[in-house]
Amino acid sequence: MKKRIKHIVLGVMLPSMMVLGACGSNGENSAKTGGTAKVEGIQERTIKAGIGNSESHPQGQGMNKFKELVEEKSGGKMKVQNFYDASLGDDLNMTKALQAGTQEITNPSTSPLVGMIPEYGILDFPFIFNNEAEADAVLDGPVGQKLMDKLEDHGLVGLAYSENGFRQLTNSKHAVKTADDFKGLKIRTMQNEIHIDAFEKLGANPSPMAFSEVFTALESKTVDGQENPLSTIKSQKYNEVQKHLSLTQHVYTPFIMLVSKKFWDGLSEEEQTILRESAIEAGKYQREVSRKENEQAIKDLEKAGMKINKVSDEEREKMKEMIQPVTDKYAEKIGKELVDEMTAELEKVRNK
Ligand code: KDG
């Protein structure tokens, strides 16, 4: 009997001493991990991951690839449960859930992060990227990393970027062929001050709202139009409530794979590596899927009856000039150092 009790006592005491030891013995380690004991090896875990788009959207396909890689690399011990169509909430509320530790992963556009980290706004400067190669180079280089480093103070860990894409304008009123054609249009925007100010400068009436509210707002004519990449316009079936698609290519939006820092700090190095490597690999795969889908989406949207017009480079240049005071205002707020670094990165890609 005595032996059994001893086993039970040791059985209870030892693990808690180990956990206490991990927290107490290495102050530096517990400080780094926010006081959560580091485990070793790979534990059985279920990871909740939520996104705003559908499973068939490139964002959903990227998350399915992430799930496949994590489960493969962890020998099936780390399971990813994907939730689509903003079923766990929109980008902002899922990001808050990560900060609270009630959800482990989300993959928002970077634009709604600007309220928390103004420097992310540098990615929202209209017309700053001419093509995907420039966006990839900046995001996967020192500027993208510098922005990610700012997440930790907000209870978040950034793992990798992927692609939402170049944004195009749809509306139910008329074709937008010139910079002046925006006048008076009620345009839904993301909850991002640079987008809001930019559309105001063009003479439109911006109406910021969460992604999951957009279709209803368009259908009820609460707003005249919205702007999103072609893959999103197609997967959200905006063609059912929007007649005109104007290829403005006015902003490039990335997605970012975010992890709750509360969750991250409780992972072993091995588990953290599995998540990071899987996110980077899935991000590269997702960019390819996104680019192929955008080529297909424009054909499908035309077939579905949308009236499509390409906005000329001259008119896009006029839009850029009209919006310049907005870009200058936020460049000042973000700081010369980061803006200069972004400019240098872009020069590097353009002079390759
Ligand atoms: O989860 C990501 C989506 O919410 C994303 O598509 C957001 O581009 C977006 C928008 O217009 O809100």
# chains A, B, ... in the order shown; residues from 1 in each chain; ligands from 1
>>> select_by_dssp(residues="segment 23-164 of chain A", states="strand (DSSP E)", output="list in words")
Arg45, Thr46, Ile47, Lys48, Ala49, Gly50, Met78, Lys79, Val80, Gln81, Asn82, Phe83, Ile105, Thr106, Leu156, Val157, Gly158, Leu159, Ala160, Tyr161, Ser162, Glu163 and Asn164 of chain A
>>> residues_near_ligand(ligand="ligand 1", cutoff="7 Å", atoms="only C-alpha atoms and all ligand atoms", output="PyMOL selection string")
chain A and resi 51-53+86+90-91+107-109+164+189-190+210-211+227-228+232
>>> write_last_selection(atoms="all heavy atoms", output="compact mmCIF listing (two decimals), in the first residue's frame")
# COMPACT_ATOMS: atom_id res chain seq x y z
N ILE A 51 -10.20 31.68 -41.27
CA ILE A 51 -9.97 32.69 -42.31
C ILE A 51 -11.31 33.29 -42.73
O ILE A 51 -12.37 32.74 -42.44
CB ILE A 51 -9.27 32.09 -43.56
CG1 ILE A 51 -10.13 30.98 -44.20
CG2 ILE A 51 -7.88 31.60 -43.23
CD1 ILE A 51 -9.60 30.53 -45.55
N GLY A 52 -11.21 34.39 -43.50
CA GLY A 52 -12.43 35.06 -43.94
C GLY A 52 -13.00 34.53 -45.23
O GLY A 52 -14.20 34.63 -45.49
N ASN A 53 -12.15 33.95 -46.07
CA ASN A 53 -12.61 33.47 -47.37
C ASN A 53 -13.07 32.02 -47.33
O ASN A 53 -12.92 31.34 -46.32
CB ASN A 53 -11.49 33.65 -48.40
CG ASN A 53 -11.39 35.09 -48.87
OD1 ASN A 53 -12.28 35.60 -49.54
ND2 ASN A 53 -10.33 35.77 -48.49
N ALA A 86 -15.25 33.18 -42.50
CA ALA A 86 -15.37 34.02 -41.29
C ALA A 86 -16.27 33.35 -40.26
O ALA A 86 -16.93 34.01 -39.46
CB ALA A 86 -15.90 35.41 -41.66
N ASP A 90 -14.53 37.80 -38.24
CA ASP A 90 -13.76 38.47 -39.28
C ASP A 90 -12.31 38.66 -38.84
O ASP A 90 -11.96 38.36 -37.70
CB ASP A 90 -14.41 39.81 -39.62
CG ASP A 90 -15.53 39.61 -40.64
OD1 ASP A 90 -15.19 39.29 -41.80
OD2 ASP A 90 -16.70 39.69 -40.24
N ASP A 91 -11.50 39.20 -39.75
CA ASP A 91 -10.07 39.31 -39.49
C ASP A 91 -9.76 39.95 -38.14
O ASP A 91 -8.94 39.46 -37.37
CB ASP A 91 -9.40 40.13 -40.61
CG ASP A 91 -9.29 39.32 -41.90
OD1 ASP A 91 -9.64 38.13 -41.87
OD2 ASP A 91 -8.87 39.88 -42.91
N ASN A 107 -5.29 34.11 -40.63
CA ASN A 107 -4.48 34.46 -41.82
C ASN A 107 -5.07 35.72 -42.47
O ASN A 107 -5.52 35.68 -43.61
CB ASN A 107 -4.55 33.25 -42.77
CG ASN A 107 -3.76 33.42 -44.04
OD1 ASN A 107 -4.28 33.19 -45.13
ND2 ASN A 107 -2.51 33.79 -43.95
N PRO A 108 -5.08 36.82 -41.75
CA PRO A 108 -5.80 38.00 -42.25
C PRO A 108 -5.03 38.75 -43.34
O PRO A 108 -3.83 38.53 -43.54
CB PRO A 108 -5.91 38.87 -41.00
CG PRO A 108 -4.65 38.57 -40.25
CD PRO A 108 -4.41 37.10 -40.47
N SER A 109 -5.73 39.68 -43.99
CA SER A 109 -5.02 40.69 -44.76
C SER A 109 -4.21 41.49 -43.74
O SER A 109 -4.59 41.61 -42.58
CB SER A 109 -6.02 41.63 -45.44
OG SER A 109 -6.75 40.91 -46.38
N ASN A 164 -3.21 37.93 -50.94
CA ASN A 164 -4.61 38.27 -51.19
C ASN A 164 -4.65 38.77 -52.64
O ASN A 164 -5.34 38.24 -53.48
CB ASN A 164 -5.06 39.35 -50.20
CG ASN A 164 -6.56 39.55 -50.21
OD1 ASN A 164 -7.25 39.04 -51.10
ND2 ASN A 164 -7.06 40.29 -49.25
N THR A 189 -14.77 49.84 -47.91
CA THR A 189 -13.31 49.64 -47.80
C THR A 189 -13.04 48.72 -46.61
O THR A 189 -13.92 48.51 -45.75
CB THR A 189 -12.57 50.97 -47.55
OG1 THR A 189 -12.86 51.41 -46.21
CG2 THR A 189 -12.93 52.02 -48.57
N MET A 190 -11.83 48.20 -46.54
CA MET A 190 -11.40 47.51 -45.32
C MET A 190 -11.27 48.54 -44.20
O MET A 190 -11.28 49.75 -44.47
CB MET A 190 -10.03 46.82 -45.56
CG MET A 190 -10.11 45.61 -46.47
SD MET A 190 -8.59 44.65 -46.45
CE MET A 190 -7.59 45.65 -47.53
N ALA A 210 -16.46 45.12 -42.06
CA ALA A 210 -15.84 43.79 -42.05
C ALA A 210 -16.19 43.05 -43.36
O ALA A 210 -17.22 43.32 -43.98
CB ALA A 210 -16.33 43.00 -40.86
N PHE A 211 -15.31 42.12 -43.71
CA PHE A 211 -15.43 41.40 -44.99
C PHE A 211 -16.75 40.65 -45.10
O PHE A 211 -17.38 40.64 -46.14
CB PHE A 211 -14.26 40.42 -45.08
CG PHE A 211 -14.20 39.61 -46.33
CD1 PHE A 211 -14.09 40.22 -47.57
CD2 PHE A 211 -14.25 38.23 -46.27
CE1 PHE A 211 -14.01 39.47 -48.73
CE2 PHE A 211 -14.17 37.47 -47.42
CZ PHE A 211 -14.06 38.08 -48.65
N GLU A 227 -13.86 46.92 -53.33
CA GLU A 227 -12.64 46.61 -54.08
C GLU A 227 -11.95 45.42 -53.42
O GLU A 227 -11.82 45.36 -52.19
CB GLU A 227 -11.72 47.84 -54.14
CG GLU A 227 -11.58 48.64 -52.86
CD GLU A 227 -10.53 48.07 -51.92
OE1 GLU A 227 -9.37 47.97 -52.35
OE2 GLU A 227 -10.86 47.74 -50.77
N ASN A 228 -11.58 44.46 -54.27
CA ASN A 228 -10.97 43.23 -53.81
C ASN A 228 -10.25 42.58 -54.98
O ASN A 228 -10.49 42.95 -56.14
CB ASN A 228 -12.03 42.26 -53.25
CG ASN A 228 -11.90 42.07 -51.74
OD1 ASN A 228 -10.93 41.49 -51.26
ND2 ASN A 228 -12.85 42.58 -50.99
N THR A 232 -11.34 36.96 -55.12
CA THR A 232 -12.35 37.21 -54.08
C THR A 232 -13.67 37.64 -54.70
O THR A 232 -14.75 37.21 -54.28
CB THR A 232 -11.83 38.27 -53.09
OG1 THR A 232 -10.58 37.84 -52.56
CG2 THR A 232 -12.82 38.51 -51.96
>>> closest_atom_pairs(of="segment 272-337 of chain A", to="segment 64-82 of chain A", cutoff="12 Å", atoms="only C-alpha atoms", output="JSON lines")
{"residue": "A:Gln272", "atom": "CA", "partner": "A:Val70", "partner_atom": "CA", "distance": 10.4}
{"residue": "A:Thr273", "atom": "CA", "partner": "A:Lys73", "partner_atom": "CA", "distance": 9.7}
{"residue": "A:Ile274", "atom": "CA", "partner": "A:Val70", "partner_atom": "CA", "distance": 6.2}
{"residue": "A:Leu275", "atom": "CA", "partner": "A:Val70", "partner_atom": "CA", "distance": 6.3}
{"residue": "A:Arg276", "atom": "CA", "partner": "A:Val70", "partner_atom": "CA", "distance": 9.3}
{"residue": "A:Glu277", "atom": "CA", "partner": "A:Val70", "partner_atom": "CA", "distance": 8.6}
{"residue": "A:Ser278", "atom": "CA", "partner": "A:Leu69", "partner_atom": "CA", "distance": 5.5}
{"residue": "A:Ala279", "atom": "CA", "partner": "A:Phe66", "partner_atom": "CA", "distance": 5.9}
{"residue": "A:Ile280", "atom": "CA", "partner": "A:Phe66", "partner_atom": "CA", "distance": 8.8}
{"residue": "A:Glu281", "atom": "CA", "partner": "A:Phe66", "partner_atom": "CA", "distance": 7.8}
{"residue": "A:Ala282", "atom": "CA", "partner": "A:Phe66", "partner_atom": "CA", "distance": 5.2}
{"residue": "A:Gly283", "atom": "CA", "partner": "A:Phe66", "partner_atom": "CA", "distance": 8.2}
{"residue": "A:Lys284", "atom": "CA", "partner": "A:Lys65", "partner_atom": "CA", "distance": 10.3}
{"residue": "A:Tyr285", "atom": "CA", "partner": "A:Lys65", "partner_atom": "CA", "distance": 7.8}
{"residue": "A:Gln286", "atom": "CA", "partner": "A:Lys65", "partner_atom": "CA", "distance": 8.1}
{"residue": "A:Arg287", "atom": "CA", "partner": "A:Lys65", "partner_atom": "CA", "distance": 11.8}
{"residue": "A:Val289", "atom": "CA", "partner": "A:Lys65", "partner_atom": "CA", "distance": 10.9}
>>> atom_distance(atom1="atom CA of Lys303 of chain A", atom2="atom CA of Val241 of chain A")
14.9 Å
>>> closest_residue(among="A:Ile117, A:Ile194, A:Met209, A:Met306", to="Thr170 of chain A", atoms="only C-alpha atoms")
A:Met306
